[in-house]
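Data block for upload-v1.cif (mmCIF, C-alpha atoms):
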data_input
loop_
_atom_site.label_atom_id
_atom_site.label_comp_id
_atom_site.auth_asym_id
_atom_site.auth_seq_id
_atom_site.Cartn_x
_atom_site.Cartn_y
_atom_site.Cartn_z
CA MET A 178 16.79 33.34 37.82
CA THR A 179 18.01 35.72 35.13
CA ALA A 180 16.05 36.57 31.98
CA ALA A 181 18.50 34.43 29.99
CA ASP A 182 17.91 31.49 32.37
CA VAL A 183 14.14 31.85 31.96
CA HIS A 184 14.48 31.98 28.19
CA ARG A 185 16.58 28.80 28.15
CA THR A 186 14.07 27.10 30.47
CA ILE A 187 11.19 28.06 28.20
CA LEU A 188 12.93 26.61 25.15
CA ALA A 189 13.81 23.41 27.05
CA VAL A 190 10.21 22.99 28.26
CA TRP A 191 8.94 23.78 24.79
CA ARG A 192 11.04 21.09 23.17
CA ILE A 193 9.70 18.48 25.58
CA GLU A 194 6.05 19.59 25.64
CA GLN A 195 5.50 20.56 22.00
CA PRO A 196 4.55 17.02 20.87
CA ARG A 197 2.02 16.72 23.70
CA LEU A 198 0.46 20.06 22.80
CA ILE A 199 0.15 19.30 19.10
CA THR A 200 -1.16 15.81 19.90
CA GLY A 201 -3.92 17.07 22.17
CA LEU A 202 -4.92 20.02 20.02
CA SER A 203 -4.95 17.96 16.81
CA ARG A 204 -7.31 15.52 18.47
CA MET A 205 -9.62 18.30 19.63
CA LEU A 206 -9.50 20.59 16.59
CA ARG A 207 -9.24 17.90 13.86
CA ASP A 208 -6.90 20.28 12.09
CA VAL A 209 -3.11 19.96 12.13
CA THR A 210 -2.40 23.49 10.95
CA LEU A 211 -4.65 25.04 13.61
CA ALA A 212 -3.05 22.82 16.26
CA GLU A 213 0.40 24.05 15.30
CA ASP A 214 -0.77 27.67 15.24
CA PHE A 215 -2.20 27.59 18.77
CA THR A 216 0.80 25.65 20.05
CA GLN A 217 2.99 28.45 18.75
CA GLU A 218 0.70 31.01 20.40
CA ALA A 219 1.17 29.25 23.74
CA LEU A 220 4.95 29.52 23.31
CA VAL A 221 4.66 33.25 22.54
CA ALA A 222 2.52 33.70 25.65
CA ALA A 223 5.16 31.93 27.77
CA LEU A 224 7.88 34.15 26.35
CA GLU A 225 5.78 37.19 27.23
CA HIS A 226 4.67 36.21 30.75
CA TRP A 227 7.19 33.85 32.34
CA PRO A 228 10.10 36.33 32.53
CA ALA A 229 7.88 38.51 34.75
CA THR A 230 5.88 35.88 36.67
CA GLY A 231 8.44 33.08 36.80
CA VAL A 232 8.24 29.58 35.35
CA PRO A 233 5.04 27.82 36.53
CA GLU A 234 5.34 24.78 38.74
CA LYS A 235 3.79 22.70 35.95
CA PRO A 236 4.86 24.47 32.74
CA GLY A 237 3.45 21.82 30.40
CA ALA A 238 0.00 22.13 31.92
CA TRP A 239 0.21 25.95 31.68
CA LEU A 240 1.07 25.73 27.97
CA MET A 241 -1.75 23.28 27.27
CA ALA A 242 -4.32 25.39 29.13
CA THR A 243 -3.17 28.52 27.31
CA ALA A 244 -3.28 26.84 23.90
CA LYS A 245 -6.80 25.52 24.54
CA ARG A 246 -8.00 28.90 25.74
CA ARG A 247 -6.56 30.64 22.67
CA ALA A 248 -8.18 28.05 20.40
CA LEU A 249 -11.58 28.43 22.06
CA ASP A 250 -11.40 32.24 22.01
CA ASP A 251 -10.45 32.22 18.34
CA LEU A 252 -13.31 29.92 17.37
CA ARG A 253 -15.78 32.04 19.30
CA ARG A 254 -14.41 35.26 17.81
CA ARG A 255 -14.97 34.01 14.31
CA SER A 256 -18.67 33.52 15.16
CA MET A 257 -18.95 31.09 12.27
CA LEU A 258 -22.14 29.10 11.83
CA ALA A 259 -20.40 26.19 10.16
CA ARG A 260 -21.36 22.95 11.84
CA LYS A 261 -17.74 21.94 12.31
CA HIS A 262 -16.93 25.07 14.33
CA GLU A 263 -20.06 24.75 16.44
CA MET A 264 -19.09 21.19 17.31
CA LEU A 265 -15.51 22.15 18.14
CA ILE A 266 -16.60 24.97 20.43
CA ARG A 267 -19.07 22.68 22.20
CA ASP A 268 -16.46 19.96 22.67
CA LEU A 269 -13.87 22.39 24.04
CA GLU A 270 -16.38 23.98 26.43
CA GLN A 271 -17.53 20.57 27.69
CA GLU A 272 -13.96 19.44 28.23
CA GLN A 273 -13.14 22.59 30.20
CA GLN A 274 -16.18 22.06 32.43
CA ALA A 275 -15.44 18.38 32.94
CA MET A 276 -11.71 18.84 33.53
CA PRO A 277 -10.98 22.26 35.03
CA ASP A 278 -7.57 20.99 36.13
CA PRO A 279 -5.16 21.79 33.26
CA ASP A 280 -3.08 18.77 34.27
CA ALA A 281 -5.90 16.48 33.23
CA ALA A 282 -5.08 16.99 29.57
CA LEU A 283 -1.58 15.70 30.20
CA ASP A 284 -2.50 12.54 32.09
CA ASP A 285 -2.79 10.27 29.06
CA ASP A 286 0.06 7.89 28.36
CA ILE A 287 2.43 9.87 26.16
CA GLY A 288 3.56 6.85 24.16
CA ASP A 289 0.02 5.87 23.21
CA GLU A 290 -1.02 9.45 22.47
CA LEU A 291 1.96 10.10 20.22
CA LEU A 292 1.44 6.77 18.51
CA ARG A 293 -2.15 7.69 17.69
CA LEU A 294 -0.99 10.93 16.17
CA ILE A 295 1.64 9.10 14.12
CA PHE A 296 -1.01 6.72 12.79
CA THR A 297 -3.15 9.75 11.97
CA ALA A 298 -0.25 11.46 10.19
CA CYS A 299 0.42 8.26 8.25
CA HIS A 300 -2.92 8.55 6.46
CA PRO A 301 -3.23 6.45 3.26
CA LYS A 302 -4.08 9.62 1.30
CA LEU A 303 -0.52 10.86 1.88
CA SER A 304 2.57 9.59 0.11
CA ARG A 305 5.05 7.53 2.14
CA GLU A 306 7.56 10.37 2.14
CA ALA A 307 4.95 12.95 3.14
CA ARG A 308 3.69 10.79 6.01
CA ALA A 309 7.10 10.51 7.63
CA ALA A 310 8.00 14.16 7.08
CA LEU A 311 4.73 15.41 8.56
CA ALA A 312 4.95 13.13 11.59
CA LEU A 313 8.51 14.19 12.33
CA ARG A 314 7.51 17.84 12.06
CA MET A 315 4.48 17.50 14.32
CA ILE A 316 5.73 14.98 16.84
CA CYS A 317 9.42 15.73 17.20
CA GLY A 318 9.27 19.39 16.38
CA LEU A 319 12.16 18.80 14.00
CA THR A 320 13.03 21.64 11.67
CA THR A 321 12.64 21.27 7.94
CA GLY A 322 16.43 21.14 7.69
CA GLU A 323 16.69 18.30 10.22
CA ILE A 324 14.04 16.29 8.39
CA ALA A 325 15.76 16.96 5.07
CA ARG A 326 18.98 15.61 6.55
CA ALA A 327 17.23 12.44 7.72
CA PHE A 328 15.93 11.80 4.20
CA LEU A 329 18.98 13.21 2.37
CA GLN A 330 16.65 15.54 0.47
CA PRO A 331 16.74 19.32 -0.30
CA GLU A 332 14.96 21.48 2.27
CA PRO A 333 12.49 23.03 -0.27
CA THR A 334 11.34 19.52 -1.25
CA ILE A 335 10.63 18.59 2.36
CA ALA A 336 8.92 21.93 3.05
CA GLN A 337 6.53 21.41 0.14
CA ARG A 338 5.74 17.87 1.28
CA ILE A 339 4.88 19.06 4.78
CA VAL A 340 2.63 21.90 3.58
CA ARG A 341 0.73 19.63 1.19
CA ALA A 342 0.47 16.86 3.77
CA LYS A 343 -0.99 19.14 6.44
CA ARG A 344 -3.56 20.47 3.99
CA THR A 345 -4.56 16.99 2.83
CA LEU A 346 -4.70 15.61 6.35
CA SER A 347 -6.84 18.44 7.69
CA GLU A 348 -9.23 18.14 4.73
CA SER A 349 -9.53 14.39 5.36
CA GLY A 350 -11.31 14.96 8.68
CA LEU A 351 -8.38 13.86 10.85
CA ALA A 352 -9.72 10.61 12.25
CA TYR A 353 -7.69 10.52 15.46
CA GLU A 354 -7.35 6.82 16.22
CA THR A 355 -5.17 3.77 16.02
CA PRO A 356 -6.55 1.76 13.07
CA ARG A 357 -7.19 -1.98 13.18
CA GLY A 358 -7.09 -4.88 10.78
CA GLU A 359 -6.23 -4.23 7.16
CA GLU A 360 -6.00 -0.47 7.69
CA LEU A 361 -3.41 -1.04 10.42
CA SER A 362 -1.28 -3.11 8.06
CA GLU A 363 -1.50 -0.41 5.38
CA ARG A 364 -0.07 2.24 7.69
CA LEU A 365 2.30 0.14 9.79
CA ALA A 366 5.37 0.43 7.55
CA SER A 367 5.17 4.23 7.62
CA VAL A 368 4.61 4.27 11.37
CA LEU A 369 7.64 2.04 11.95
CA GLU A 370 9.72 4.36 9.80
CA VAL A 371 8.64 7.42 11.75
CA VAL A 372 9.37 5.82 15.13
CA TYR A 373 12.74 4.69 13.78
CA LEU A 374 13.60 8.24 12.65
CA ILE A 375 12.46 9.71 15.97
CA PHE A 376 14.78 7.34 17.81
CA ASN A 377 17.67 8.13 15.47
CA GLU A 378 17.26 11.87 16.02
CA GLY A 379 17.42 11.27 19.76
CA TYR A 380 20.36 8.88 19.49
CA THR A 381 22.47 11.21 17.32
CA ALA A 382 20.98 14.69 17.11
CA ALA A 383 21.19 16.31 13.70
CA ARG A 384 21.68 19.81 15.07
CA GLY A 385 22.21 21.68 18.30
CA ASP A 386 24.79 21.66 21.04
CA GLU A 387 24.16 18.16 22.42
CA TRP A 388 24.87 14.85 20.73
CA LEU A 389 21.99 13.04 22.43
CA ARG A 390 18.30 13.89 22.88
CA PRO A 391 17.26 11.19 25.39
CA GLN A 392 13.63 12.34 25.51
CA LEU A 393 13.15 11.41 21.86
CA CYS A 394 14.80 8.01 22.43
CA ASN A 395 12.49 7.34 25.36
CA ASP A 396 9.38 8.41 23.43
CA ALA A 397 10.37 6.18 20.50
CA LEU A 398 10.97 3.22 22.83
CA ARG A 399 7.58 3.66 24.48
CA MET A 400 5.89 3.82 21.09
CA GLY A 401 7.85 0.78 19.91
CA ARG A 402 6.66 -1.23 22.90
CA VAL A 403 3.05 -0.19 22.25
CA LEU A 404 3.42 -1.15 18.58
CA THR A 405 4.39 -4.72 19.47
CA LEU A 406 1.13 -4.93 21.43
CA VAL A 407 -0.94 -3.34 18.65
CA ALA A 408 0.66 -5.58 16.00
CA PRO A 409 1.98 -8.65 17.88
CA GLN A 410 2.42 -10.80 14.76
CA GLU A 411 4.46 -8.23 12.81
CA ALA A 412 8.11 -9.30 12.84
CA GLU A 413 9.34 -5.87 11.84
CA ALA A 414 7.63 -4.25 14.85
CA HIS A 415 9.57 -6.57 17.14
CA GLY A 416 12.70 -6.01 15.06
CA LEU A 417 12.42 -2.25 15.44
CA LEU A 418 11.92 -2.57 19.19
CA ALA A 419 14.97 -4.84 19.40
CA LEU A 420 17.04 -2.36 17.40
CA MET A 421 16.06 0.54 19.64
CA GLU A 422 16.51 -1.37 22.91
CA LEU A 423 19.96 -2.61 21.92
CA ASN A 424 21.12 0.80 20.72
CA ALA A 425 19.67 2.55 23.77
CA SER A 426 21.56 0.15 26.05
CA ARG A 427 24.77 1.99 25.08
CA ILE A 428 23.56 5.54 25.77
CA ALA A 429 25.32 5.90 29.14
CA ALA A 430 28.64 5.04 27.50
CA ARG A 431 28.28 7.23 24.41
CA THR A 432 29.36 10.52 25.98
CA ASP A 433 31.92 11.58 28.56
CA ALA A 434 31.32 13.79 31.59
CA ALA A 435 31.48 16.89 29.40
CA GLY A 436 28.91 15.51 26.95
CA ASP A 437 31.44 14.85 24.20
CA PRO A 438 30.95 11.75 22.00
CA ILE A 439 32.76 8.48 22.71
CA LEU A 440 33.02 6.24 19.65
CA LEU A 441 31.79 2.65 19.84
CA MET A 442 35.20 1.00 19.98
CA ASP A 443 36.32 3.30 22.82
CA GLN A 444 33.25 2.89 25.03
CA ASN A 445 33.34 1.40 28.52
CA ARG A 446 31.17 -1.66 27.99
CA MET A 447 30.62 -2.02 31.71
CA LEU A 448 28.29 0.98 31.35
CA TRP A 449 26.09 -0.80 28.81
CA ASP A 450 22.66 -1.58 30.27
CA ARG A 451 22.51 -5.39 30.52
CA LEU A 452 18.77 -5.43 31.30
CA GLN A 453 18.03 -3.39 28.20
CA ILE A 454 20.27 -5.68 26.14
CA ARG A 455 18.27 -8.64 27.43
CA ARG A 456 15.00 -6.96 26.42
CA GLY A 457 16.44 -6.27 23.00
CA MET A 458 17.58 -9.84 22.55
CA LEU A 459 14.13 -11.14 23.52
CA ALA A 460 12.49 -8.83 20.98
CA LEU A 461 14.98 -9.97 18.33
CA ALA A 462 14.26 -13.62 19.13
CA LYS A 463 10.53 -12.93 18.76
CA SER A 464 11.09 -11.32 15.36
CA HIS A 465 13.07 -14.37 14.21
CA GLU A 466 10.33 -16.65 15.57
CA LEU A 467 7.90 -14.78 13.31
CA GLY A 468 10.18 -15.34 10.31
CA GLY A 469 11.49 -11.80 10.19
CA ARG A 470 14.38 -10.92 7.91
CA GLY A 471 13.44 -7.36 7.06
CA PHE A 472 15.02 -3.91 7.38
CA TYR A 473 14.72 -3.53 11.16
CA VAL A 474 15.34 -7.18 12.02
CA LEU A 475 18.61 -7.19 10.08
CA GLN A 476 19.77 -3.97 11.71
CA ALA A 477 18.89 -5.35 15.13
CA ALA A 478 20.91 -8.48 14.34
CA ILE A 479 23.89 -6.26 13.52
CA VAL A 480 23.64 -4.33 16.79
CA ALA A 481 23.22 -7.64 18.65
CA CYS A 482 26.69 -8.65 17.44
CA HIS A 483 28.11 -5.65 19.32
CA ALA A 484 25.99 -6.39 22.38
CA ARG A 485 27.33 -9.94 22.58
CA ALA A 486 30.97 -8.82 22.39
CA GLY A 487 32.53 -8.36 25.82
CA THR A 488 35.42 -6.42 24.31
CA PRO A 489 35.92 -4.66 20.95
CA GLY A 490 38.23 -7.48 19.91
CA ASP A 491 35.44 -10.05 20.42
CA THR A 492 33.19 -8.40 17.82
CA ASP A 493 32.18 -10.73 14.99
CA TRP A 494 32.95 -8.29 12.16
CA PRO A 495 32.71 -10.88 9.34
CA ARG A 496 29.11 -11.62 10.42
CA ILE A 497 28.33 -7.91 10.63
CA ALA A 498 29.71 -7.37 7.13
CA LYS A 499 27.59 -10.28 5.88
CA LEU A 500 24.45 -8.87 7.51
CA TYR A 501 25.11 -5.47 5.95
CA ALA A 502 25.50 -7.12 2.56
CA GLU A 503 22.11 -8.78 3.05
CA LEU A 504 20.62 -5.46 4.15
CA ALA A 505 22.08 -3.73 1.08
CA MET A 506 20.41 -6.30 -1.17
CA LEU A 507 17.08 -5.64 0.56
CA VAL A 508 17.28 -1.83 0.55
CA ARG A 509 19.41 0.10 -1.93
CA SER A 510 20.86 2.92 0.17
CA PRO A 511 24.24 4.67 0.01
CA ILE A 512 24.18 5.02 3.81
CA ILE A 513 23.81 1.26 4.24
CA GLU A 514 26.68 0.79 1.79
CA LEU A 515 28.77 3.24 3.82
CA ASN A 516 28.04 1.28 6.99
CA ARG A 517 28.94 -1.93 5.17
CA ALA A 518 32.28 -0.36 4.26
CA VAL A 519 33.04 0.22 7.95
CA ALA A 520 32.30 -3.43 8.71
CA VAL A 521 34.38 -4.62 5.76
CA GLY A 522 37.22 -2.42 6.99
CA MET A 523 37.15 -4.13 10.37
CA ALA A 524 36.79 -7.62 8.87
CA GLU A 525 39.12 -7.40 5.85
CA GLY A 526 41.22 -4.29 6.38
CA PRO A 527 41.00 -0.57 5.56
CA ALA A 528 42.12 -0.92 1.93
CA ALA A 529 39.09 -3.06 1.04
CA ALA A 530 36.78 -0.62 2.79
CA LEU A 531 38.35 2.44 1.14
CA ALA A 532 37.54 1.03 -2.29
CA ILE A 533 33.86 0.86 -1.32
CA VAL A 534 33.88 4.37 0.16
CA ASP A 535 35.57 5.90 -2.88
CA GLY A 536 32.91 4.27 -5.02
CA LEU A 537 30.29 6.28 -3.10
CA ALA A 538 31.93 9.65 -3.76
CA SER A 539 29.66 10.43 -6.71
CA GLU A 540 26.41 9.58 -4.88
CA PRO A 541 24.24 12.75 -4.98
CA ALA A 542 22.56 11.86 -1.69
CA LEU A 543 25.91 11.85 0.11
CA LYS A 544 27.18 15.11 -1.35
CA ASN A 545 26.81 16.97 1.97
CA TYR A 546 26.74 13.95 4.27
CA HIS A 547 29.50 14.46 6.82
CA LEU A 548 29.95 10.77 7.64
CA LEU A 549 31.25 9.99 4.15
CA PRO A 550 34.48 12.04 4.56
CA SER A 551 34.57 11.04 8.24
CA VAL A 552 34.68 7.32 7.41
CA ARG A 553 37.13 8.00 4.61
CA GLY A 554 39.37 9.94 7.00
CA ASP A 555 39.38 7.06 9.47
CA LEU A 556 40.35 4.56 6.79
CA LEU A 557 43.10 6.81 5.43
CA HIS A 558 44.46 7.29 8.93
CA LYS A 559 44.62 3.52 9.45
CA LEU A 560 46.47 3.18 6.15
CA GLY A 561 49.09 5.68 7.33
CA ARG A 562 47.96 8.40 4.89
CA ALA A 563 47.71 11.00 7.66
CA ALA A 564 47.77 14.16 5.52
CA GLU A 565 44.87 12.90 3.40
CA ALA A 566 43.07 11.81 6.56
CA ARG A 567 43.39 15.31 7.97
CA THR A 568 41.85 16.83 4.83
CA ALA A 569 38.96 14.36 5.00
CA PHE A 570 38.26 15.03 8.68
CA GLU A 571 38.38 18.78 8.10
CA LEU A 572 35.81 18.45 5.32
CA ALA A 573 33.62 16.29 7.56
CA SER A 574 33.77 18.89 10.34
CA THR A 575 32.55 21.63 7.98
CA LEU A 576 29.58 19.48 6.94
CA ALA A 577 28.58 18.35 10.45
CA THR A 578 25.63 20.31 11.85
CA ASN A 579 25.85 19.05 15.42
CA LYS A 580 28.28 21.02 17.60
CA ARG A 581 29.61 18.03 19.56
CA GLU A 582 30.16 15.97 16.44
CA ARG A 583 31.85 18.88 14.69
CA GLU A 584 34.26 19.32 17.59
CA LEU A 585 35.08 15.59 17.58
CA LEU A 586 35.91 15.72 13.88
CA LYS A 587 38.11 18.77 14.40
CA ARG A 588 40.02 16.88 17.08
CA ARG A 589 40.48 13.92 14.76
CA ALA A 590 41.74 16.27 12.03
CA ALA A 591 44.27 17.74 14.47
CA GLU A 592 45.43 14.25 15.50
CA ALA A 593 45.87 13.25 11.86
CA GLY A 594 47.73 16.49 11.20
CA ALA A 595 50.10 15.83 14.10
CA ALA A 596 50.76 12.33 12.76
CA SER A 597 51.60 13.69 9.30
CA THR A 598 54.42 15.94 10.53
#
Render the structure in this file as structure tokens.
Amino acid sequence: MTAADVHRTILAVWRIEQPRLITGLSRMLRDVTLAEDFTQEALVAALEHWPATGVPEKPGAWLMATAKRRALDDLRRRSMLARKHEMLIRDLEQEQQAMPDPDAALDDDIGDELLRLIFTACHPKLSREARAALALRMICGLTTGEIARAFLQPEPTIAQRIVRAKRTLSESGLAYETPRGEELSERLASVLEVVYLIFNEGYTAARGDEWLRPQLCNDALRMGRVLTLVAPQEAEAHGLLALMELNASRIAARTDAAGDPILLMDQNRMLWDRLQIRRGMLALAKSHELGGRGFYVLQAAIVACHARAGTPGDTDWPRIAKLYAELAMLVRSPIIELNRAVAVGMAEGPAAALAIVDGLASEPALKNYHLLPSVRGDLLHKLGRAAEARTAFELASTLATNKRERELLKRRAAEAGAAST
């Protein structure tokens, strides 16, 4: 294995194991910032040692053991008499004696562990926006730029939220637990949002060379299933699970052999996972049984329309457009309105949709959002305005931050350009 191969392996392992490391260290240290620091130190150690020694058989366990050892050494080196540090050192030493096998720290169910950390990050002392941003940073390892994209906010704003949130959370004592009763209800909306954003990042990656990050989708699905057990009477928990199951059922059909995106209407529906669709439909039925008509339930109902359609032509676009209109009344969002425009275009024609899209042009939140010119380009192309479509697709490609998506938009621009000559 070449040095470059080892480096790529380290980064791949790091992306998978980082949430586990931060989860375990946060629980032990009761300090998010310290947990992140020692997680980073473990990465540096891997970069220093693995090129010479080779990648360990169990790299995640090696990273966890290294991070714990660095944390314990640092606490001892400080020789502080503060009660908190004495307790931390004692706990770490006892854990090492009780579980000398570094794999033991990784045996917990990842879904439940991550969910506990999300509930911890969604502390009532933090604002709603800060809760989600901090959880995405700690759990997904998303960059500040990726989180800013998810919230359509400037990077400096998100960076400040994360710094303040980590400080507040660490000062709060970091009660590492899944709350119950009234406290559970207070945090649930934020937790659902975080799980939703984790899934979305896995389903369509904001940055990088690959369009999908299946590990994030799988983690979000596991957490969603646990949430329906923790909060069985919450319709939105079942709605979120339905939404994720139904979307995930299409993953095998969303890319070709080279990893390039395949748009919904071009997908081979024989590759859709029927068992996962059935699970999604059952979760959606449960949310309706509980009287759900909220943000996630409505989105799940929209995706269910696609799941029921055997062919693209069977899709009930008028119903989808109606559901998006209901969703837009519930949550004022330019992205929802953009999605509604797509549905209106399929139900009523591209001219009707283009009027909606052009009305969104002045939305500040969509200024650098690549899907706005992408949708506009598609509508223009359908209207026979190929030259304008090409310009729109070219703009979308410059705004896209994911390599695969950018290449798709460039291809669409070239197709529109060929049609205009």
Can you pull out the residues contacting A:Leu548? Cut-off 10 Å, using all atoms listed in the file, and skip same-chain residues under 6 positions away; I want them as a compact mmCIF listing (two decimals) with C-alpha atoms, in the frame of the given file.
# COMPACT_ATOMS: atom_id res chain seq x y z
CA ILE A 512 24.18 5.02 3.81
CA LEU A 515 28.77 3.24 3.82
CA ASN A 516 28.04 1.28 6.99
CA GLY A 554 39.37 9.94 7.00
CA PHE A 570 38.26 15.03 8.68
CA LEU A 572 35.81 18.45 5.32
CA ALA A 573 33.62 16.29 7.56
CA SER A 574 33.77 18.89 10.34
CA LEU A 576 29.58 19.48 6.94
CA ALA A 577 28.58 18.35 10.45
CA LEU A 586 35.91 15.72 13.88
Spatial neighbours of A:Lys302, max dist 12 Å, all atoms listed in the file, sep filter under 3 positions, as a list in words: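 So, after excluding close chain neighbours, the residues are Thr297, Ala298, Cys299, Arg305, Glu306, Ala307, Arg308, Arg341, Ala342, Lys343, Arg344, Thr345, Leu346, Ser347, Glu348, Ser349, Gly350, Leu351, Glu363 and Arg364 of chain A.
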Two-atom distance - atom CA of A:Leu448, atom CA of A:Thr488 (Å):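 Interatomic distance here is 12.5 Å.
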Residue nearest A:Gly457 - candidates A:Leu418, A:Val521, A:Leu475, A:Val372, atoms counted: all atoms listed in the file: A:Leu418
Quick one: everything within 9 Å of A:Leu202, counting all atoms listed in the file, minus sequence neighbours fewer than 6 positions away in the same chain. Send it as a short mmCIF file (atom, residue, chain, number, x, y, z; two decimals) with C-alpha atoms, keeping the file's coordinate frame.
data_model
loop_
_atom_site.label_atom_id
_atom_site.label_comp_id
_atom_site.auth_asym_id
_atom_site.auth_seq_id
_atom_site.Cartn_x
_atom_site.Cartn_y
_atom_site.Cartn_z
CA ASP A 208 -6.90 20.28 12.09
CA VAL A 209 -3.11 19.96 12.13
CA LEU A 211 -4.65 25.04 13.61
CA ALA A 212 -3.05 22.82 16.26
CA GLU A 213 0.40 24.05 15.30
CA PHE A 215 -2.20 27.59 18.77
CA THR A 216 0.80 25.65 20.05
CA MET A 241 -1.75 23.28 27.27
CA ALA A 244 -3.28 26.84 23.90
CA LYS A 245 -6.80 25.52 24.54
CA ALA A 248 -8.18 28.05 20.40
#
Expected answer as a list in words: all residues with atoms within 8 Å of (23.8, 16.9, -1.1), all atoms listed in the file: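 Returned residue set, sorted by chain then number, is Leu329, Gln330, Pro331, Pro541, Ala542, Leu543, Lys544, Asn545 and Tyr546 of chain A.
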Given all atoms listed in the file as the counted atoms, nearest of A:Leu292, A:Val519, A:Leu537, A:Ala524 to A:Leu556: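 Checking each candidate against A:Leu556, we get A:Val519 as the closest.
At a cut-off of 12 Å from (7.9, 32.5, 36.4), the residue set is A:Met178, A:Thr179, A:Ala180, A:Asp182, A:Val183, A:His184, A:Thr186, A:Ile187, A:Ala223, A:Leu224, A:Glu225, A:His226, A:Trp227, A:Pro228, A:Ala229, A:Thr230, A:Gly231, A:Val232, A:Pro233, A:Glu234, A:Lys235, A:Pro236, A:Trp239 (counting all atoms listed in the file).
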Residues returned when the PyMOL selection byres ((chain A and resi 397) around 8) runs on this file, as number ranges by chain: A: 288, 372-373, 375-376, 393-396, 398-401
Interatomic distance, atom CA of A:Arg485 to atom CA of A:Tyr473 (Å, one decimal):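 Spanning atom CA of A:Arg485 to atom CA of A:Tyr473 is a straight-line distance of 18.2 Å.
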